[in-house]
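One structure below.
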Amino acid sequence: MDVTVIDHPLALSRLTTMRDERSSNAQFRAALKELAQMLVYEAARDLPLEDLPINTPLVPTTGYRLLQPPLLVPVIRAGLGMVDAAMSMIPDAQVGFVGMARNEETHQPVPYLEALPDDLSDQTVFVIDPMLATGGSMLHTLRLIADRGARDITAICMVSAPRGVQALAESGLPVRLVTAAVDDGLNEDAYIVPGLGDAGDRLYGPRYNDASAQ
Ligand SMILES: O=P(O)(O)OC[C@H]1O[C@H](OP(=O)(O)OP(=O)(O)O)[C@H](O)[C@@H]1O
Ligand SMILES: O=c1cc[nH]c(=O)[nH]1
Ligand SMILES: [Mg+2]
């Protein structure tokens, strides 16, 4: 699997704000949005273009536009924090949704929402979720997308654990990973270490539904 680690200085400064336990929810959200823009920018580097004839104030010339914007798929909740930033980079993108919460004891993802187009066979897909820990949530999402025919999927995650990266690589699914960091590992609660804690809670506060208790 192709893994791109975006260790640009400006990306690392945003990631540091996100990791810092002293950062407020507002500071965390702002840093996450800025880092999301950088990761989407890099993830979009090889998207095909088509020519767009235009006139400058001086002469006709050839411009470019995306041949087909990727479908953005945030994994709710934490992935929602990245959507506006991703759409600011790719304004014509459409958005599908997958909702999932890890069971705190088993660490298995418990899906509670799936809103995706039926046919993704001709569609590039960007899955966005800040955290790739065991990889369970991402794998579940990737399977939903691959089952709809997608053959070109990019997982955009801010912090990844080696176990999650390995799970994706061994899945055989048509996915590549764009991430800002591959951290040391997981603790006994399957949180990424050093990580940044619970991304959903740091964005939005505690989760009030009991989906993960199923
Ligand atoms: O790789 P995994 O071990 O599956 O863990 C990663 C998942 O955990 C987090 O979501 P969480 O379940 O905390 O839900 P939330 O976004 O609602 O907080 C995160 O946003 C990923 O979706
Ligand atoms: O470290 C982790 C692992 C899973 N989900 C998070 O939000 N953080
Ligand atoms: Mg969470």
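Order determines the names: the first chain of the structure tokens is A, the second B, and so forth; residues in each chain are numbered 1 upward, and ligands are numbered 1 upward as they are shown.
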Residues of stretch 143-204 of chain A at most 12 Å from stretch 6-22 of chain A: nearest atom pair and distance in Å, only C-alpha atoms, as a Markdown table:
| residue | atom | partner | partner_atom | distance |
| --- | --- | --- | --- | --- |
| A:Ile156 | CA | A:Ile6 | CA | 10.7 |
| A:Cys157 | CA | A:Ile6 | CA | 10.5 |
| A:Met158 | CA | A:Leu15 | CA | 7.9 |
| A:Val159 | CA | A:Leu15 | CA | 8.6 |
| A:Ser160 | CA | A:Ile6 | CA | 11.9 |
| A:Leu177 | CA | A:Ile6 | CA | 10.6 |
| A:Val178 | CA | A:Ile6 | CA | 7.3 |
| A:Thr179 | CA | A:Ile6 | CA | 6.1 |
| A:Ala180 | CA | A:Ile6 | CA | 4.7 |
| A:Ala181 | CA | A:Asp7 | CA | 7.1 |
| A:Val182 | CA | A:Ile6 | CA | 10.1 |
| A:Asp183 | CA | A:Arg19 | CA | 11.6 |
| A:Ile192 | CA | A:Arg19 | CA | 11.0 |
| A:Val193 | CA | A:Arg19 | CA | 10.3 |
| A:Pro194 | CA | A:Arg19 | CA | 8.0 |
| A:Gly195 | CA | A:Arg19 | CA | 6.4 |
| A:Leu196 | CA | A:Arg19 | CA | 4.3 |
| A:Gly197 | CA | A:Arg19 | CA | 7.6 |
| A:Asp198 | CA | A:Arg19 | CA | 10.4 |
| A:Ala199 | CA | A:Met18 | CA | 8.9 |
| A:Arg202 | CA | A:Met18 | CA | 8.9 |
| A:Leu203 | CA | A:Met18 | CA | 10.1 |
List every residue of stretch 63-159 of chain A that DSSP, applied to the backbone, labels as helix (DSSP H, G or I), and write the result as a ChimeraX atom specification.
/A:78-89,136-147
Output for the residues just chosen: N, CA, C and O atoms as a tab-separated table (two decimals), in the first residue's frame:
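Once written, part17.tsv looks like this:
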chain	number	residue	atom	x	y	z
A	78	ALA	N	-15.68	12.15	14.37
A	78	ALA	CA	-14.49	12.99	14.27
A	78	ALA	C	-14.21	13.44	12.84
A	78	ALA	O	-13.73	14.56	12.63
A	79	GLY	N	-14.54	12.62	11.86
A	79	GLY	CA	-14.29	12.99	10.47
A	79	GLY	C	-15.07	14.23	10.04
A	79	GLY	O	-14.67	14.93	9.11
A	80	LEU	N	-16.20	14.49	10.73
A	80	LEU	CA	-16.99	15.68	10.38
A	80	LEU	C	-16.19	16.96	10.52
A	80	LEU	O	-16.39	17.92	9.78
A	81	GLY	N	-15.26	16.96	11.48
A	81	GLY	CA	-14.46	18.16	11.71
A	81	GLY	C	-13.59	18.51	10.52
A	81	GLY	O	-13.09	19.64	10.43
A	82	MET	N	-13.37	17.56	9.62
A	82	MET	CA	-12.50	17.79	8.47
A	82	MET	C	-13.27	18.16	7.20
A	82	MET	O	-12.67	18.52	6.19
A	83	VAL	N	-14.61	18.05	7.23
A	83	VAL	CA	-15.39	18.18	5.99
A	83	VAL	C	-15.32	19.58	5.40
A	83	VAL	O	-15.05	19.75	4.21
A	84	ASP	N	-15.57	20.60	6.21
A	84	ASP	CA	-15.57	21.96	5.68
A	84	ASP	C	-14.22	22.31	5.08
A	84	ASP	O	-14.13	22.95	4.02
A	85	ALA	N	-13.16	21.88	5.76
A	85	ALA	CA	-11.81	22.16	5.27
A	85	ALA	C	-11.58	21.44	3.93
A	85	ALA	O	-11.03	22.02	2.99
A	86	ALA	N	-12.03	20.20	3.85
A	86	ALA	CA	-11.85	19.45	2.60
A	86	ALA	C	-12.65	20.12	1.47
A	86	ALA	O	-12.18	20.25	0.34
A	87	MET	N	-13.87	20.58	1.81
A	87	MET	CA	-14.70	21.21	0.76
A	87	MET	C	-14.17	22.58	0.38
A	87	MET	O	-14.40	23.05	-0.74
A	88	SER	N	-13.45	23.22	1.28
A	88	SER	CA	-12.84	24.51	0.89
A	88	SER	C	-11.75	24.28	-0.15
A	88	SER	O	-11.48	25.14	-0.98
A	89	MET	N	-11.14	23.10	-0.14
A	89	MET	CA	-10.12	22.78	-1.13
A	89	MET	C	-10.74	22.22	-2.41
A	89	MET	O	-10.22	22.40	-3.51
A	136	GLY	N	-9.96	-0.79	12.57
A	136	GLY	CA	-11.27	-1.42	12.43
A	136	GLY	C	-12.31	-0.50	11.79
A	136	GLY	O	-13.06	-0.92	10.90
A	137	SER	N	-12.36	0.74	12.25
A	137	SER	CA	-13.37	1.68	11.72
A	137	SER	C	-13.10	1.98	10.25
A	137	SER	O	-14.02	2.01	9.42
A	138	MET	N	-11.85	2.19	9.92
A	138	MET	CA	-11.50	2.50	8.53
A	138	MET	C	-11.76	1.30	7.63
A	138	MET	O	-12.31	1.44	6.53
A	139	LEU	N	-11.40	0.10	8.10
A	139	LEU	CA	-11.63	-1.09	7.27
A	139	LEU	C	-13.10	-1.29	6.98
A	139	LEU	O	-13.49	-1.62	5.86
A	140	HIS	N	-13.93	-1.10	8.01
A	140	HIS	CA	-15.38	-1.24	7.80
A	140	HIS	C	-15.85	-0.25	6.74
A	140	HIS	O	-16.60	-0.60	5.82
A	141	THR	N	-15.37	0.99	6.85
A	141	THR	CA	-15.77	2.03	5.89
A	141	THR	C	-15.27	1.69	4.49
A	141	THR	O	-16.00	1.81	3.49
A	142	LEU	N	-14.03	1.24	4.40
A	142	LEU	CA	-13.45	0.91	3.09
A	142	LEU	C	-14.23	-0.23	2.43
A	142	LEU	O	-14.43	-0.22	1.21
A	143	ARG	N	-14.65	-1.19	3.23
A	143	ARG	CA	-15.40	-2.32	2.64
A	143	ARG	C	-16.74	-1.85	2.09
A	143	ARG	O	-17.18	-2.28	1.03
A	144	LEU	N	-17.42	-0.95	2.83
A	144	LEU	CA	-18.69	-0.41	2.32
A	144	LEU	C	-18.47	0.26	0.96
A	144	LEU	O	-19.29	0.14	0.05
A	145	ILE	N	-17.36	0.95	0.84
A	145	ILE	CA	-17.08	1.72	-0.37
A	145	ILE	C	-16.63	0.79	-1.50
A	145	ILE	O	-17.09	0.91	-2.64
A	146	ALA	N	-15.74	-0.16	-1.16
A	146	ALA	CA	-15.26	-1.11	-2.18
A	146	ALA	C	-16.41	-2.00	-2.66
A	146	ALA	O	-16.49	-2.34	-3.85
A	147	ASP	N	-17.34	-2.36	-1.76
A	147	ASP	CA	-18.49	-3.19	-2.16
A	147	ASP	C	-19.36	-2.46	-3.17
A	147	ASP	O	-20.15	-3.08	-3.89
Nearest residue to ligand 2 out of A:Val5, A:Val175, A:Leu132, A:Val59, using only C-alpha atoms and all ligand atoms?
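Among the listed residues, the smallest separation from ligand 2 belongs to A:Leu132.
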Environment of ligand 3 within 12 Å, counting only C-alpha atoms and all ligand atoms, reported as a ChimeraX atom specification:
/A:75-80,99-104,107,109-110,129-133,137,190-192,196-209,211-212
Prev. selection, N, CA, C and O atoms, output as a compact mmCIF listing (two decimals), in the first residue's frame:
# COMPACT_ATOMS: atom_id res chain seq x y z
N VAL A 75 -15.92 9.91 8.39
CA VAL A 75 -16.39 8.91 9.36
C VAL A 75 -16.83 9.70 10.59
O VAL A 75 -16.00 10.30 11.29
N ILE A 76 -18.14 9.72 10.82
CA ILE A 76 -18.71 10.47 11.93
C ILE A 76 -18.36 9.73 13.25
O ILE A 76 -18.38 8.49 13.26
N ARG A 77 -18.03 10.50 14.34
CA ARG A 77 -18.11 11.95 14.44
C ARG A 77 -16.84 12.67 13.97
O ARG A 77 -16.91 13.72 13.35
N ALA A 78 -15.68 12.15 14.37
CA ALA A 78 -14.49 12.99 14.27
C ALA A 78 -14.21 13.44 12.84
O ALA A 78 -13.73 14.56 12.63
N GLY A 79 -14.54 12.62 11.86
CA GLY A 79 -14.29 12.99 10.47
C GLY A 79 -15.07 14.23 10.04
O GLY A 79 -14.67 14.93 9.11
N LEU A 80 -16.20 14.49 10.73
CA LEU A 80 -16.99 15.68 10.38
C LEU A 80 -16.19 16.96 10.52
O LEU A 80 -16.39 17.92 9.78
N GLY A 99 -21.28 6.56 9.86
CA GLY A 99 -21.21 6.84 11.30
C GLY A 99 -20.84 5.59 12.06
O GLY A 99 -21.39 4.51 11.80
N MET A 100 -19.90 5.75 12.95
CA MET A 100 -19.38 4.58 13.64
C MET A 100 -18.84 5.00 15.01
O MET A 100 -18.31 6.08 15.15
N ALA A 101 -18.96 4.11 15.99
CA ALA A 101 -18.36 4.39 17.30
C ALA A 101 -17.71 3.12 17.81
O ALA A 101 -18.33 2.05 17.76
N ARG A 102 -16.52 3.21 18.29
CA ARG A 102 -15.85 2.01 18.82
C ARG A 102 -16.47 1.62 20.15
O ARG A 102 -16.74 2.46 21.00
N ASN A 103 -16.68 0.32 20.30
CA ASN A 103 -17.07 -0.20 21.61
C ASN A 103 -15.85 -0.09 22.54
O ASN A 103 -14.76 -0.51 22.17
N GLU A 104 -16.07 0.53 23.71
CA GLU A 104 -14.90 0.82 24.55
C GLU A 104 -14.23 -0.42 25.11
O GLU A 104 -13.06 -0.39 25.46
N HIS A 107 -13.23 -2.64 21.45
CA HIS A 107 -12.53 -1.78 20.48
C HIS A 107 -13.01 -2.02 19.05
O HIS A 107 -12.40 -1.57 18.10
N PRO A 109 -15.59 -1.48 15.91
CA PRO A 109 -16.48 -0.40 15.49
C PRO A 109 -17.93 -0.86 15.46
O PRO A 109 -18.22 -1.98 15.03
N VAL A 110 -18.83 0.00 15.93
CA VAL A 110 -20.26 -0.28 15.87
C VAL A 110 -20.88 0.75 14.92
O VAL A 110 -20.98 1.93 15.26
N ASP A 129 -10.94 10.78 8.28
CA ASP A 129 -11.09 10.47 9.71
C ASP A 129 -9.75 10.83 10.35
O ASP A 129 -8.71 10.36 9.89
N PRO A 130 -9.74 11.65 11.39
CA PRO A 130 -8.43 12.05 11.94
C PRO A 130 -7.62 10.88 12.48
O PRO A 130 -6.38 10.96 12.50
N MET A 131 -8.27 9.80 12.94
CA MET A 131 -7.54 8.77 13.68
C MET A 131 -7.63 7.40 13.00
O MET A 131 -8.71 6.93 12.67
N LEU A 132 -6.47 6.76 12.84
CA LEU A 132 -6.40 5.37 12.37
C LEU A 132 -5.69 4.58 13.46
O LEU A 132 -4.46 4.64 13.56
N ALA A 133 -6.44 3.90 14.29
CA ALA A 133 -5.84 3.24 15.46
C ALA A 133 -5.68 1.74 15.18
O ALA A 133 -4.68 1.32 14.61
N SER A 137 -12.36 0.74 12.25
CA SER A 137 -13.37 1.68 11.72
C SER A 137 -13.10 1.98 10.25
O SER A 137 -14.02 2.01 9.42
N ALA A 190 -6.48 0.82 23.34
CA ALA A 190 -6.42 0.98 21.88
C ALA A 190 -6.43 2.45 21.46
O ALA A 190 -6.89 2.79 20.37
N TYR A 191 -5.93 3.32 22.32
CA TYR A 191 -5.69 4.72 21.94
C TYR A 191 -4.27 4.83 21.38
O TYR A 191 -3.35 4.15 21.85
N ILE A 192 -4.13 5.71 20.40
CA ILE A 192 -2.83 5.91 19.78
C ILE A 192 -1.91 6.65 20.75
O ILE A 192 -2.32 7.61 21.41
N LEU A 196 -3.30 11.93 20.38
CA LEU A 196 -3.86 13.23 20.77
C LEU A 196 -5.11 13.05 21.62
O LEU A 196 -5.86 14.00 21.85
N GLY A 197 -5.34 11.82 22.09
CA GLY A 197 -6.55 11.55 22.87
C GLY A 197 -7.70 11.17 21.95
O GLY A 197 -7.49 10.66 20.85
N ASP A 198 -8.91 11.42 22.42
CA ASP A 198 -10.11 11.07 21.63
C ASP A 198 -10.48 12.26 20.74
O ASP A 198 -10.93 13.30 21.24
N ALA A 199 -10.26 12.09 19.46
CA ALA A 199 -10.46 13.22 18.54
C ALA A 199 -11.90 13.72 18.56
O ALA A 199 -12.15 14.93 18.55
N GLY A 200 -12.86 12.80 18.60
CA GLY A 200 -14.28 13.21 18.62
C GLY A 200 -14.59 14.03 19.86
O GLY A 200 -15.25 15.08 19.79
N ASP A 201 -14.11 13.58 21.01
CA ASP A 201 -14.37 14.32 22.25
C ASP A 201 -13.67 15.67 22.23
O ASP A 201 -14.22 16.66 22.72
N ARG A 202 -12.49 15.74 21.67
CA ARG A 202 -11.77 17.01 21.67
C ARG A 202 -12.40 18.01 20.69
O ARG A 202 -12.29 19.21 20.86
N LEU A 203 -13.07 17.49 19.67
CA LEU A 203 -13.79 18.37 18.75
C LEU A 203 -15.14 18.82 19.33
O LEU A 203 -15.51 19.98 19.24
N TYR A 204 -15.86 17.85 19.90
CA TYR A 204 -17.28 18.07 20.17
C TYR A 204 -17.70 17.85 21.62
O TYR A 204 -18.86 18.05 21.95
N GLY A 205 -16.79 17.34 22.47
CA GLY A 205 -17.19 16.95 23.82
C GLY A 205 -17.60 15.49 23.84
O GLY A 205 -17.51 14.80 22.83
N PRO A 206 -18.07 15.00 25.01
CA PRO A 206 -18.37 13.57 25.12
C PRO A 206 -19.46 13.13 24.14
O PRO A 206 -20.32 13.92 23.76
N ARG A 207 -19.42 11.84 23.79
CA ARG A 207 -20.46 11.30 22.89
C ARG A 207 -21.63 10.88 23.75
O ARG A 207 -21.47 10.14 24.71
N TYR A 208 -22.85 11.33 23.39
CA TYR A 208 -23.99 11.08 24.25
C TYR A 208 -24.84 9.90 23.81
O TYR A 208 -25.69 9.45 24.55
N ASN A 209 -24.66 9.40 22.57
CA ASN A 209 -25.45 8.22 22.23
C ASN A 209 -24.74 6.97 22.76
O ASN A 209 -23.60 7.03 23.20
N ALA A 211 -24.32 4.12 20.97
CA ALA A 211 -24.09 3.21 19.85
C ALA A 211 -22.97 2.23 20.16
O ALA A 211 -23.06 1.04 19.84
N SER A 212 -21.92 2.70 20.81
CA SER A 212 -20.76 1.84 21.02
C SER A 212 -21.02 0.78 22.08
O SER A 212 -20.21 -0.11 22.28
Give me the residues near A:Pro70 as an NGL selection string, where near means some atom within 8 Å (using only C-alpha atoms) and where sequence neighbours in that chain fewer than 3 positions away do not count.
:A and (93-94 or 123-126)
Computed gap from atom CA of A:Tyr41 to atom CA of A:Arg29 is 18.3 Å
Restricting the calculation to only C-alpha atoms and all ligand atoms, which member of A:Asp152, A:Asp2, A:Glu105, A:Glu170 is positioned closest to ligand 1?
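Ranked by minimum distance to ligand 1, first place goes to A:Glu105.
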Please list as a PyMOL selection string every residue within 6 Å of stretch 164-166 of chain A, counting only C-alpha atoms and excluding residues in the same chain fewer than 2 positions away.
chain A and resi 132-135+161-162+168-169
Rank nothing, just name the residue among A:Asp92, A:Asp122, A:Asp189, A:Asp184 nearest to ligand 1, using only C-alpha atoms and all ligand atoms.
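Closest residue, counting only C-alpha atoms and all ligand atoms: A:Asp189.
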Write out as a PDB file with C-alpha atoms, in the first residue's frame each polymer residue whose atoms come within 7 Å of A:Gly96, counting only C-alpha atoms; drop sequence neighbours fewer than 5 positions from it.
ATOM      1  CA  LEU A  71     -16.503  11.853  -3.175  1.00  0.00           C
ATOM      2  CA  LEU A  72     -15.667  12.853   0.398  1.00  0.00           C
ATOM      3  CA  VAL A  73     -16.675  10.350   3.069  1.00  0.00           C
ATOM      4  CA  ALA A 115     -25.358   7.175   3.531  1.00  0.00           C
ATOM      5  CA  LEU A 116     -23.426   6.449   0.348  1.00  0.00           C
TER       6      LEU A 116
END
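Comparing A:Ala31, A:Gln108, A:Pro174, A:Arg65 by their smallest distance to ligand 2, the closest is A:Gln108 (using only C-alpha atoms and all ligand atoms).
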